[in-house]
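Participant: Input file: start-v8.cif. Contents: mmCIF, C-alpha atoms.
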```cif
data_protein
loop_
_atom_site.group_PDB
_atom_site.id
_atom_site.type_symbol
_atom_site.label_atom_id
_atom_site.label_comp_id
_atom_site.auth_asym_id
_atom_site.auth_seq_id
_atom_site.Cartn_x
_atom_site.Cartn_y
_atom_site.Cartn_z
ATOM 1 C CA MET U 15 14.909 -12.261 -6.422
ATOM 2 C CA ASP U 16 12.429 -13.859 -8.770
ATOM 3 C CA LYS U 17 11.488 -11.919 -11.820
ATOM 4 C CA LEU U 18 8.305 -9.873 -11.475
ATOM 5 C CA THR U 19 5.417 -11.302 -13.452
ATOM 6 C CA ALA U 20 2.818 -9.498 -15.516
ATOM 7 C CA GLY U 21 -0.351 -10.685 -17.213
ATOM 8 C CA VAL U 22 -1.817 -8.898 -20.226
ATOM 9 C CA VAL U 23 -5.554 -9.517 -20.552
ATOM 10 C CA VAL U 24 -6.626 -10.062 -24.157
ATOM 11 C CA PHE U 25 -10.226 -9.458 -25.206
ATOM 12 C CA PRO U 26 -11.604 -10.061 -28.652
ATOM 13 C CA GLY U 27 -10.705 -6.734 -30.229
ATOM 14 C CA SER U 28 -7.777 -5.744 -28.010
ATOM 15 C CA ASN U 29 -5.099 -4.220 -30.217
ATOM 16 C CA CYS U 30 -2.556 -2.803 -27.796
ATOM 17 C CA ASP U 31 -1.880 -6.146 -26.137
ATOM 18 C CA ARG U 32 1.357 -6.697 -28.048
ATOM 19 C CA ASP U 33 2.596 -3.204 -27.332
ATOM 20 C CA ALA U 34 1.901 -3.875 -23.659
ATOM 21 C CA TYR U 35 3.751 -7.201 -23.833
ATOM 22 C CA PHE U 36 6.728 -5.535 -25.489
ATOM 23 C CA ALA U 37 6.828 -2.681 -22.977
ATOM 24 C CA LEU U 38 6.556 -5.027 -19.984
ATOM 25 C CA GLU U 39 9.301 -7.314 -21.268
ATOM 26 C CA GLU U 40 11.499 -4.280 -21.977
ATOM 27 C CA ASN U 41 10.986 -3.308 -18.362
ATOM 28 C CA GLY U 42 12.000 -6.686 -17.033
ATOM 29 C CA PHE U 43 8.642 -8.329 -16.370
ATOM 30 C CA LYS U 44 8.070 -11.963 -17.177
ATOM 31 C CA THR U 45 4.928 -11.487 -19.257
ATOM 32 C CA ARG U 46 2.025 -13.729 -20.269
ATOM 33 C CA TYR U 47 -1.183 -13.163 -22.172
ATOM 34 C CA ILE U 48 -4.458 -13.973 -20.384
ATOM 35 C CA TRP U 49 -7.417 -14.784 -22.633
ATOM 36 C CA HIS U 50 -10.706 -13.157 -21.609
ATOM 37 C CA ASP U 51 -12.343 -16.555 -20.996
ATOM 38 C CA PHE U 52 -9.851 -17.407 -18.269
ATOM 39 C CA ASP U 53 -11.767 -17.680 -15.024
ATOM 40 C CA GLN U 54 -9.208 -18.790 -12.475
ATOM 41 C CA ALA U 55 -7.348 -16.862 -9.807
ATOM 42 C CA LEU U 56 -4.762 -14.557 -11.287
ATOM 43 C CA ASN U 57 -1.272 -15.009 -9.913
ATOM 44 C CA TYR U 58 0.720 -12.132 -11.291
ATOM 45 C CA ASP U 59 2.391 -9.156 -9.693
ATOM 46 C CA LEU U 60 0.798 -6.890 -12.276
ATOM 47 C CA ILE U 61 -2.298 -7.136 -14.480
ATOM 48 C CA PHE U 62 -2.301 -5.000 -17.605
ATOM 49 C CA ILE U 63 -5.639 -4.311 -19.306
ATOM 50 C CA PRO U 64 -4.677 -3.027 -22.732
ATOM 51 C CA GLY U 65 -6.302 -0.660 -25.190
ATOM 52 C CA GLY U 66 -8.196 -1.595 -28.283
ATOM 53 C CA PHE U 67 -11.791 -2.112 -29.162
ATOM 54 C CA SER U 68 -12.991 -4.898 -26.920
ATOM 55 C CA TYR U 69 -16.101 -6.483 -28.432
ATOM 56 C CA GLY U 70 -15.954 -3.865 -31.180
ATOM 57 C CA ASP U 71 -16.849 -1.187 -28.627
ATOM 58 C CA TYR U 72 -20.454 -2.122 -29.310
ATOM 59 C CA LEU U 73 -23.173 -0.929 -26.931
ATOM 60 C CA ARG U 74 -20.739 1.406 -25.117
ATOM 61 C CA VAL U 75 -16.955 1.380 -24.885
ATOM 62 C CA GLY U 76 -15.878 -1.328 -22.468
ATOM 63 C CA ALA U 77 -19.463 -2.309 -21.646
ATOM 64 C CA LEU U 78 -19.428 -5.839 -23.036
ATOM 65 C CA ALA U 79 -15.911 -6.693 -21.863
ATOM 66 C CA ARG U 80 -17.163 -6.153 -18.359
ATOM 67 C CA PHE U 81 -19.002 -9.471 -18.559
ATOM 68 C CA SER U 82 -15.966 -11.525 -19.604
ATOM 69 C CA PRO U 83 -15.098 -14.248 -17.074
ATOM 70 C CA VAL U 84 -11.616 -12.838 -16.562
ATOM 71 C CA MET U 85 -13.046 -9.616 -15.173
ATOM 72 C CA LYS U 86 -14.541 -11.508 -12.234
ATOM 73 C CA SER U 87 -11.026 -12.718 -11.451
ATOM 74 C CA VAL U 88 -9.667 -9.201 -11.855
ATOM 75 C CA GLU U 89 -12.267 -7.922 -9.371
ATOM 76 C CA LYS U 90 -11.174 -10.538 -6.841
ATOM 77 C CA TYR U 91 -7.516 -9.773 -7.539
ATOM 78 C CA VAL U 92 -8.197 -6.121 -6.742
ATOM 79 C CA LEU U 93 -10.273 -6.767 -3.620
ATOM 80 C CA GLN U 94 -7.705 -9.162 -2.199
ATOM 81 C CA LYS U 95 -4.888 -6.752 -3.111
ATOM 82 C CA ARG U 96 -2.849 -9.456 -4.769
ATOM 83 C CA GLY U 97 -0.991 -6.989 -6.945
ATOM 84 C CA LEU U 98 -1.383 -3.954 -9.133
ATOM 85 C CA VAL U 99 -3.774 -3.395 -12.044
ATOM 86 C CA ILE U 100 -3.213 -0.876 -14.803
ATOM 87 C CA GLY U 101 -5.825 -0.167 -17.493
ATOM 88 C CA VAL U 102 -4.863 1.881 -20.510
ATOM 89 C CA CYS U 103 -7.364 3.508 -22.888
ATOM 90 C CA ASN U 104 -9.972 0.812 -23.547
ATOM 91 C CA GLY U 105 -8.604 -0.886 -20.423
ATOM 92 C CA PHE U 106 -9.447 2.267 -18.444
ATOM 93 C CA GLN U 107 -12.929 2.295 -20.003
ATOM 94 C CA ILE U 108 -13.454 -1.328 -18.982
ATOM 95 C CA LEU U 109 -12.355 -0.652 -15.396
ATOM 96 C CA THR U 110 -14.900 2.169 -15.086
ATOM 97 C CA GLU U 111 -17.648 -0.002 -16.592
ATOM 98 C CA VAL U 112 -16.877 -2.756 -14.085
ATOM 99 C CA GLY U 113 -16.999 -0.150 -11.330
ATOM 100 C CA ILE U 114 -13.469 -0.815 -10.051
ATOM 101 C CA LEU U 115 -12.755 2.824 -10.915
ATOM 102 C CA PRO U 116 -15.408 5.552 -10.546
ATOM 103 C CA GLY U 117 -16.871 7.567 -13.405
ATOM 104 C CA VAL U 118 -17.134 6.768 -17.080
ATOM 105 C CA LEU U 119 -15.522 7.673 -20.395
ATOM 106 C CA THR U 120 -17.498 8.877 -23.353
ATOM 107 C CA VAL U 121 -17.181 10.613 -26.724
ATOM 108 C CA ASN U 122 -14.639 13.456 -26.962
ATOM 109 C CA SER U 123 -16.268 16.863 -26.972
ATOM 110 C CA SER U 124 -14.826 17.409 -30.458
ATOM 111 C CA GLN U 125 -16.578 14.217 -31.663
ATOM 112 C CA ARG U 126 -13.223 13.329 -33.270
ATOM 113 C CA PHE U 127 -10.755 10.515 -32.925
ATOM 114 C CA ILE U 128 -7.593 12.114 -31.563
ATOM 115 C CA CYS U 129 -4.193 10.564 -32.208
ATOM 116 C CA GLU U 130 -1.298 12.697 -31.026
ATOM 117 C CA ASP U 131 1.353 13.194 -28.361
ATOM 118 C CA VAL U 132 0.113 15.243 -25.436
ATOM 119 C CA GLU U 133 1.655 16.692 -22.307
ATOM 120 C CA ILE U 134 0.568 15.208 -18.990
ATOM 121 C CA LYS U 135 1.076 16.765 -15.586
ATOM 122 C CA VAL U 136 1.706 14.400 -12.720
ATOM 123 C CA ASN U 137 -0.574 15.397 -9.884
ATOM 124 C CA ASN U 138 0.353 12.738 -7.344
ATOM 125 C CA PHE U 139 3.816 11.206 -7.144
ATOM 126 C CA GLU U 140 2.983 9.023 -4.162
ATOM 127 C CA THR U 141 1.269 6.131 -5.893
ATOM 128 C CA PRO U 142 2.650 2.719 -6.862
ATOM 129 C CA PHE U 143 2.444 3.890 -10.486
ATOM 130 C CA THR U 144 4.185 7.253 -10.244
ATOM 131 C CA ASN U 145 6.687 7.018 -7.369
ATOM 132 C CA ASN U 146 9.710 6.883 -9.644
ATOM 133 C CA ILE U 147 8.748 9.706 -12.006
ATOM 134 C CA ASP U 148 11.397 12.393 -11.925
ATOM 135 C CA LYS U 149 9.697 15.063 -14.021
ATOM 136 C CA LYS U 150 6.562 17.142 -13.615
ATOM 137 C CA VAL U 151 5.422 16.906 -17.213
ATOM 138 C CA LEU U 152 5.455 13.778 -19.347
ATOM 139 C CA ASN U 153 4.912 13.438 -23.039
ATOM 140 C CA LEU U 154 2.650 10.510 -23.906
ATOM 141 C CA PRO U 155 0.659 9.471 -26.953
ATOM 142 C CA ILE U 156 -3.139 9.372 -26.905
ATOM 143 C CA ALA U 157 -5.349 7.664 -29.491
ATOM 144 C CA HIS U 158 -9.040 7.619 -28.716
ATOM 145 C CA LYS U 159 -12.474 8.858 -29.629
ATOM 146 C CA GLU U 160 -14.056 8.122 -26.266
ATOM 147 C CA GLY U 161 -11.725 9.686 -23.733
ATOM 148 C CA ARG U 162 -13.888 12.342 -22.099
ATOM 149 C CA TYR U 163 -13.933 11.504 -18.419
ATOM 150 C CA ILE U 164 -17.208 12.151 -16.600
ATOM 151 C CA ILE U 165 -18.115 11.597 -12.990
ATOM 152 C CA ARG U 166 -21.460 12.244 -11.351
ATOM 153 C CA GLU U 167 -21.389 13.825 -7.900
ATOM 154 C CA ASN U 168 -17.623 14.021 -7.743
ATOM 155 C CA THR U 169 -16.528 11.369 -5.274
ATOM 156 C CA LEU U 170 -12.857 11.605 -6.198
ATOM 157 C CA GLU U 171 -10.372 12.784 -3.644
ATOM 158 C CA PRO U 172 -7.871 15.207 -5.190
ATOM 159 C CA SER U 173 -5.066 12.707 -4.611
ATOM 160 C CA GLN U 174 -6.913 10.141 -6.736
ATOM 161 C CA ILE U 175 -6.396 12.315 -9.790
ATOM 162 C CA VAL U 176 -2.954 11.015 -10.659
ATOM 163 C CA ILE U 177 -2.366 12.642 -14.036
ATOM 164 C CA LYS U 178 -3.964 15.599 -15.800
ATOM 165 C CA TYR U 179 -3.720 16.913 -19.341
ATOM 166 C CA VAL U 180 -1.800 20.143 -19.693
ATOM 167 C CA GLU U 181 -4.173 21.079 -22.517
ATOM 168 C CA ASN U 182 -7.390 19.114 -22.261
ATOM 169 C CA PRO U 183 -7.816 17.432 -25.648
ATOM 170 C CA ASN U 184 -11.183 15.731 -25.142
ATOM 171 C CA GLY U 185 -13.259 17.741 -22.684
ATOM 172 C CA SER U 186 -12.538 15.573 -19.642
ATOM 173 C CA PHE U 187 -13.821 16.756 -16.283
ATOM 174 C CA GLU U 188 -11.046 18.619 -14.422
ATOM 175 C CA ASP U 189 -8.563 17.783 -17.245
ATOM 176 C CA ILE U 190 -8.395 14.239 -15.902
ATOM 177 C CA ALA U 191 -6.139 11.876 -17.868
ATOM 178 C CA GLY U 192 -5.778 9.137 -15.265
ATOM 179 C CA ILE U 193 -7.118 8.197 -11.847
ATOM 180 C CA ILE U 194 -6.370 5.697 -9.114
ATOM 181 C CA ASN U 195 -8.765 3.885 -6.772
ATOM 182 C CA LYS U 196 -8.872 4.566 -3.051
ATOM 183 C CA ASP U 197 -6.816 1.451 -2.225
ATOM 184 C CA LEU U 198 -4.116 2.671 -4.621
ATOM 185 C CA ASN U 199 -3.832 -0.642 -6.456
ATOM 186 C CA VAL U 200 -5.730 0.170 -9.668
ATOM 187 C CA PHE U 201 -4.662 2.860 -12.114
ATOM 188 C CA GLY U 202 -6.628 3.800 -15.221
ATOM 189 C CA LEU U 203 -5.401 6.257 -17.831
ATOM 190 C CA MET U 204 -6.188 7.282 -21.387
ATOM 191 C CA PRO U 205 -2.605 7.986 -22.608
ATOM 192 C CA HIS U 206 -0.515 5.008 -23.725
ATOM 193 C CA PRO U 207 2.697 4.577 -21.694
ATOM 194 C CA GLU U 208 3.343 1.278 -23.511
ATOM 195 C CA ARG U 209 3.715 3.178 -26.777
ATOM 196 C CA ALA U 210 6.454 5.337 -25.316
ATOM 197 C CA CYS U 211 8.946 2.875 -23.930
ATOM 198 C CA SER U 212 11.869 2.622 -26.298
ATOM 199 C CA LYS U 213 14.520 4.834 -27.874
ATOM 200 C CA VAL U 214 13.445 3.476 -31.230
ATOM 201 C CA LEU U 215 10.008 4.978 -30.665
ATOM 202 C CA GLY U 216 11.535 8.355 -29.919
ATOM 203 C CA ASN U 217 9.861 8.590 -26.549
ATOM 204 C CA GLU U 218 10.649 6.819 -23.315
ATOM 205 C CA ASP U 219 8.449 8.702 -20.882
ATOM 206 C CA GLY U 220 6.155 5.691 -20.541
ATOM 207 C CA ASN U 221 8.994 3.768 -18.925
ATOM 208 C CA LEU U 222 8.818 6.074 -15.909
ATOM 209 C CA ILE U 223 5.438 4.493 -15.101
ATOM 210 C CA PHE U 224 6.717 0.938 -15.565
ATOM 211 C CA GLN U 225 9.801 1.736 -13.472
ATOM 212 C CA SER U 226 7.562 3.096 -10.719
ATOM 213 C CA ILE U 227 5.536 -0.112 -10.750
ATOM 214 C CA ARG U 228 8.742 -2.165 -10.567
ATOM 215 C CA ARG U 229 10.084 -0.093 -7.764
ATOM 216 C CA TYR U 230 6.859 -0.407 -5.794
ATOM 217 C CA LEU U 231 6.521 -4.138 -6.360
ATOM 218 C CA SER U 232 10.128 -4.853 -5.466
ATOM 219 C CA SER U 233 10.331 -2.665 -2.374
ATOM 220 C CA GLY U 234 7.001 -1.105 -1.552
ATOM 221 C CA GLN U 235 8.902 1.442 0.491
ATOM 222 C CA SER U 236 8.241 4.548 -1.445
ATOM 223 C CA VAL U 237 4.489 4.449 -1.013
ATOM 224 C CA LYS U 238 2.517 5.117 2.110
ATOM 225 C CA ASN U 239 -0.567 2.980 1.948
ATOM 226 C CA MET T 21 -38.684 -23.171 -28.791
ATOM 227 C CA ILE T 22 -41.667 -21.917 -26.914
ATOM 228 C CA THR T 23 -42.910 -24.406 -24.372
ATOM 229 C CA GLU T 24 -46.425 -24.432 -23.112
ATOM 230 C CA GLY T 25 -47.240 -21.419 -21.020
ATOM 231 C CA GLU T 26 -44.444 -19.306 -22.450
ATOM 232 C CA LYS T 27 -44.917 -16.343 -24.697
ATOM 233 C CA ILE T 28 -42.792 -13.838 -26.488
ATOM 234 C CA PHE T 29 -43.010 -10.276 -25.268
ATOM 235 C CA ASN T 30 -41.599 -7.348 -27.207
ATOM 236 C CA PHE T 31 -39.953 -4.361 -25.629
ATOM 237 C CA GLU T 32 -38.226 -1.310 -26.927
ATOM 238 C CA ILE T 33 -35.606 0.203 -24.654
ATOM 239 C CA LYS T 34 -34.538 3.768 -25.283
ATOM 240 C CA VAL T 35 -31.218 4.785 -23.823
ATOM 241 C CA LYS T 36 -30.396 8.482 -23.809
ATOM 242 C CA LEU T 37 -27.818 10.770 -22.276
ATOM 243 C CA LYS T 38 -28.865 12.396 -19.033
ATOM 244 C CA GLU T 39 -29.799 16.070 -19.031
ATOM 245 C CA GLY T 40 -26.739 18.262 -18.756
ATOM 246 C CA ILE T 41 -24.311 15.779 -20.279
ATOM 247 C CA LEU T 42 -22.724 17.141 -23.403
ATOM 248 C CA ASP T 43 -23.855 15.313 -26.536
ATOM 249 C CA PRO T 44 -21.243 16.161 -29.199
ATOM 250 C CA GLN T 45 -23.095 14.196 -31.875
ATOM 251 C CA GLY T 46 -26.273 16.151 -31.134
ATOM 252 C CA ASN T 47 -24.400 19.453 -31.154
ATOM 253 C CA ALA T 48 -22.771 18.750 -34.500
ATOM 254 C CA THR T 49 -26.165 17.884 -35.972
ATOM 255 C CA LEU T 50 -27.752 20.968 -34.431
ATOM 256 C CA LYS T 51 -25.170 23.204 -36.098
ATOM 257 C CA VAL T 52 -25.922 21.746 -39.507
ATOM 258 C CA LEU T 53 -29.680 21.994 -39.003
ATOM 259 C CA LYS T 54 -29.296 25.646 -38.016
ATOM 260 C CA ARG T 55 -27.161 26.321 -41.048
ATOM 261 C CA LEU T 56 -30.000 24.894 -43.122
ATOM 262 C CA ASN T 57 -32.293 27.411 -41.436
ATOM 263 C CA PHE T 58 -34.373 24.952 -39.475
ATOM 264 C CA SER T 59 -35.598 26.534 -36.277
ATOM 265 C CA VAL T 60 -34.264 23.737 -34.079
ATOM 266 C CA GLU T 61 -33.247 24.527 -30.529
ATOM 267 C CA GLU T 62 -31.705 21.285 -29.369
ATOM 268 C CA VAL T 63 -30.675 17.901 -30.734
ATOM 269 C CA ARG T 64 -30.033 14.946 -28.441
ATOM 270 C CA PHE T 65 -29.094 11.494 -29.634
ATOM 271 C CA GLY T 66 -30.009 8.242 -28.006
ATOM 272 C CA LYS T 67 -30.231 4.637 -29.010
ATOM 273 C CA SER T 68 -33.057 2.208 -29.228
ATOM 274 C CA VAL T 69 -32.747 -1.502 -28.493
ATOM 275 C CA ASN T 70 -35.508 -3.971 -29.225
ATOM 276 C CA LEU T 71 -35.802 -7.105 -27.139
ATOM 277 C CA LYS T 72 -37.945 -10.191 -27.584
ATOM 278 C CA ILE T 73 -38.227 -11.903 -24.242
ATOM 279 C CA LYS T 74 -39.619 -15.369 -23.706
ATOM 280 C CA GLU T 75 -41.430 -15.669 -20.390
ATOM 281 C CA GLU T 76 -44.490 -17.096 -18.714
ATOM 282 C CA ASN T 77 -46.198 -13.818 -18.235
ATOM 283 C CA PHE T 78 -45.879 -10.156 -18.918
ATOM 284 C CA GLU T 79 -44.739 -9.157 -15.432
ATOM 285 C CA LYS T 80 -41.795 -11.551 -15.492
ATOM 286 C CA ALA T 81 -40.804 -10.419 -18.969
ATOM 287 C CA LYS T 82 -41.003 -6.783 -17.918
ATOM 288 C CA GLN T 83 -38.770 -7.500 -14.945
ATOM 289 C CA LYS T 84 -36.168 -9.094 -17.200
ATOM 290 C CA ALA T 85 -36.292 -6.131 -19.562
ATOM 291 C CA GLU T 86 -35.827 -3.785 -16.629
ATOM 292 C CA GLN T 87 -32.849 -5.780 -15.381
ATOM 293 C CA ILE T 88 -31.219 -5.861 -18.821
ATOM 294 C CA ALA T 89 -31.754 -2.125 -19.315
ATOM 295 C CA TYR T 90 -30.322 -1.297 -15.915
ATOM 296 C CA GLU T 91 -27.411 -3.716 -15.743
ATOM 297 C CA VAL T 92 -26.242 -3.904 -19.320
ATOM 298 C CA LEU T 93 -27.743 -1.441 -21.769
ATOM 299 C CA SER T 94 -27.201 1.773 -19.843
ATOM 300 C CA ASN T 95 -24.453 3.267 -17.736
ATOM 301 C CA PRO T 96 -26.069 5.130 -14.841
ATOM 302 C CA VAL T 97 -23.288 7.718 -14.753
ATOM 303 C CA LEU T 98 -24.320 9.236 -18.032
ATOM 304 C CA GLU T 99 -27.473 7.617 -19.341
ATOM 305 C CA ASP T 100 -31.155 7.189 -18.534
ATOM 306 C CA TYR T 101 -33.386 4.572 -20.061
ATOM 307 C CA GLU T 102 -37.029 4.159 -20.766
ATOM 308 C CA ILE T 103 -38.861 0.894 -21.445
ATOM 309 C CA MET T 104 -41.790 0.655 -23.806
ATOM 310 C CA GLU T 105 -43.926 -2.374 -24.476
ATOM 311 C CA LEU T 106 -44.471 -3.090 -28.118
ATOM 312 C CA ASP T 107 -47.597 -4.732 -29.423
ATOM 313 C CA GLU T 108 -47.333 -8.405 -30.198
ATOM 314 C CA GLU T 109 -46.826 -9.127 -33.818
#
```
Can you turn what I pasted into structure tokens?

Facilitator:
Amino acid sequence: MDKLTAGVVVFPGSNCDRDAYFALEENGFKTRYIWHDFDQALNYDLIFIPGGFSYGDYLRVGALARFSPVMKSVEKYVLQKRGLVIGVCNGFQILTEVGILPGVLTVNSSQRFICEDVEIKVNNFETPFTNNIDKKVLNLPIAHKEGRYIIRENTLEPSQIVIKYVENPNGSFEDIAGIINKDLNVFGLMPHPERACSKVLGNEDGNLIFQSIRRYLSSGQSVKN
Amino acid sequence: MITEGEKIFNFEIKVKLKEGILDPQGNATLKVLKRLNFSVEEVRFGKSVNLKIKEENFEKAKQKAEQIAYEVLSNPVLEDYEIMELDEE
């Protein structure tokens, strides 16, 4: 079988793009960077929208990145279900600003930047991003100041809440750490799985997410969609 | 360059958090103000954006300002905006 391919979108200000590249390569994806000006159809099995400070986080987090040409292609990619999209941290913020995922992320209730390892409960194991996770609680790093998830008139189905914080660090609604869209092809989360993917880093829990994605993309059997 | 028939119109757009949405920045400031014995009950932060828009007439310029405020400057999930016309300089 051909190697699975992944594209990492790079905005001016992205700073987790290399971590994402490293993690994807470690997990057997043939990985390429996609510059934010790229406006052609995206032909990858997986699109990774990394963390960082796209456009300096000016205006609102993720707000300006939304207007990058590549995001139009990402929207099409999602609508046509060409593959999976994962947005981490600033990537999650961008996906909510675009409207691919519902809700929005804003300043932590503590008004502080939080950088620590937190425990995450998996709430739904039947998604393309979690089907291969073999434990209930994962340990993943978070690093953000704007991670408080808010949604107006809760339109989320319980199964869309894929991961929750064990101890809510930022004041997110319903302890939400990550959600999936109704079509189950877009996953947004604040914790950084790509920073927990190697023995050297002392934490490999992030790999469980990448392995799930691999498993889904190579077989698609484990997920009812 | 301003061509014939076009003018510059000035707007100020105020973006603020909706009622009921926690404003941590406001709360932190409120605590300090209270500690200083000011009889303040609430502090809410917002931001103000000034726009100079070049258009044929005021109505068109206002429409543009409205569009910019709605589509770009605010996120309807958590923010409201208000548009004010500023006097021409």

Participant: Check which residues satisfy the PyMOL selection byres ((chain T) within 7 of (chain U)) in the file shown, then give them as a list in words.

Facilitator: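 Selected by the PyMOL selection byres ((chain T) within 7 of (chain U)) in this file: Pro44, Gln45, Leu93 and Val97 of chain T.
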
Participant: On this structure, the PyMOL selection byres ((chain T and resi 70-81) around 7) would catch which residues? List them as a PyMOL selection string, sorted by chain and number.

Facilitator: chain T and resi 25-33+68-69+82-85

Participant: Quick one: residues within 6 Å of U:Ser68, only C-alpha atoms counted, chain neighbours fewer than 2 positions away excluded, as number ranges by chain?

Facilitator: U: 25-28, 66, 70-71

Participant: List, as a VMD selection string, every residue that the PyMOL selection byres ((chain U and resi 136-143) around 6) selects in the file provided.

Facilitator: chain U and resid 135 144 to 145 150 176 to 177 223 226 to 227 230 237

Participant: Tell me which protein, DNA and RNA residues are within 6 Å of stretch 50-60 of chain U, counting all atoms listed in the file, leaving out same-chain ones fewer than 6 positions away, and put them as a ChimeraX atom specification.

Facilitator: /U:19-20,24-25,82-84,87,97-99

Participant: Rank nothing, just name the residue among U:Lys196, U:Lys95, U:Lys213, U:Lys44 nearest to U:Thr169, using all atoms listed in the file.

Facilitator: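 Of all the options, U:Lys196 lies closest to U:Thr169.
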
Participant: Excluding U:Asn221 and its own-chain neighbours fewer than 2 positions away, which residues fall within 9 Å of it when counting only C-alpha atoms? Please give them as a list of chain:residue names.

Facilitator: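 Selected residues are U:Ala37, U:Glu40, U:Asn41, U:Pro207, U:Glu208, U:Ala210, U:Cys211, U:Ser212, U:Glu218, U:Asp219, U:Ile223, U:Phe224, U:Gln225, U:Ser226.
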
Participant: Using atom CA of U:Leu115 and atom CA of U:Tyr179 as the two end points, give the distance in Å to one decimal.

Facilitator: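 So the answer is 18.7 Å.
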
Participant: I'd like the interatomic distance between atom CA of T:Asp43 and atom CA of U:Glu160, to a tenth of an Å.

Facilitator: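 Those two atoms sit 12.2 Å apart.
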
Participant: So how many Å separate atom CA of U:Ser233 and atom CA of U:Gly202, to one decimal?

Facilitator: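 Separation of atom CA of U:Ser233 and atom CA of U:Gly202: 22.2 Å.
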
Participant: If you take every atom of stretch 123-126 of chain U that the file lists and fit an axis-aligned box around them with 4 Å extra on each side, what centre and edge lengths come out in Å to one decimal, as AutoDock Vina command-line options?

Facilitator:
```
--center_x -14.9 --center_y 15.4 --center_z -30.1 --size_x 11.4 --size_y 12.1 --size_z 14.3
```

Participant: When you count only C-alpha atoms, which of these residues is closest to T:Phe65: T:Leu53, T:Val35, T:Leu98, T:Val92?

Facilitator: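 So, comparing all the options, the nearest one is T:Val35.
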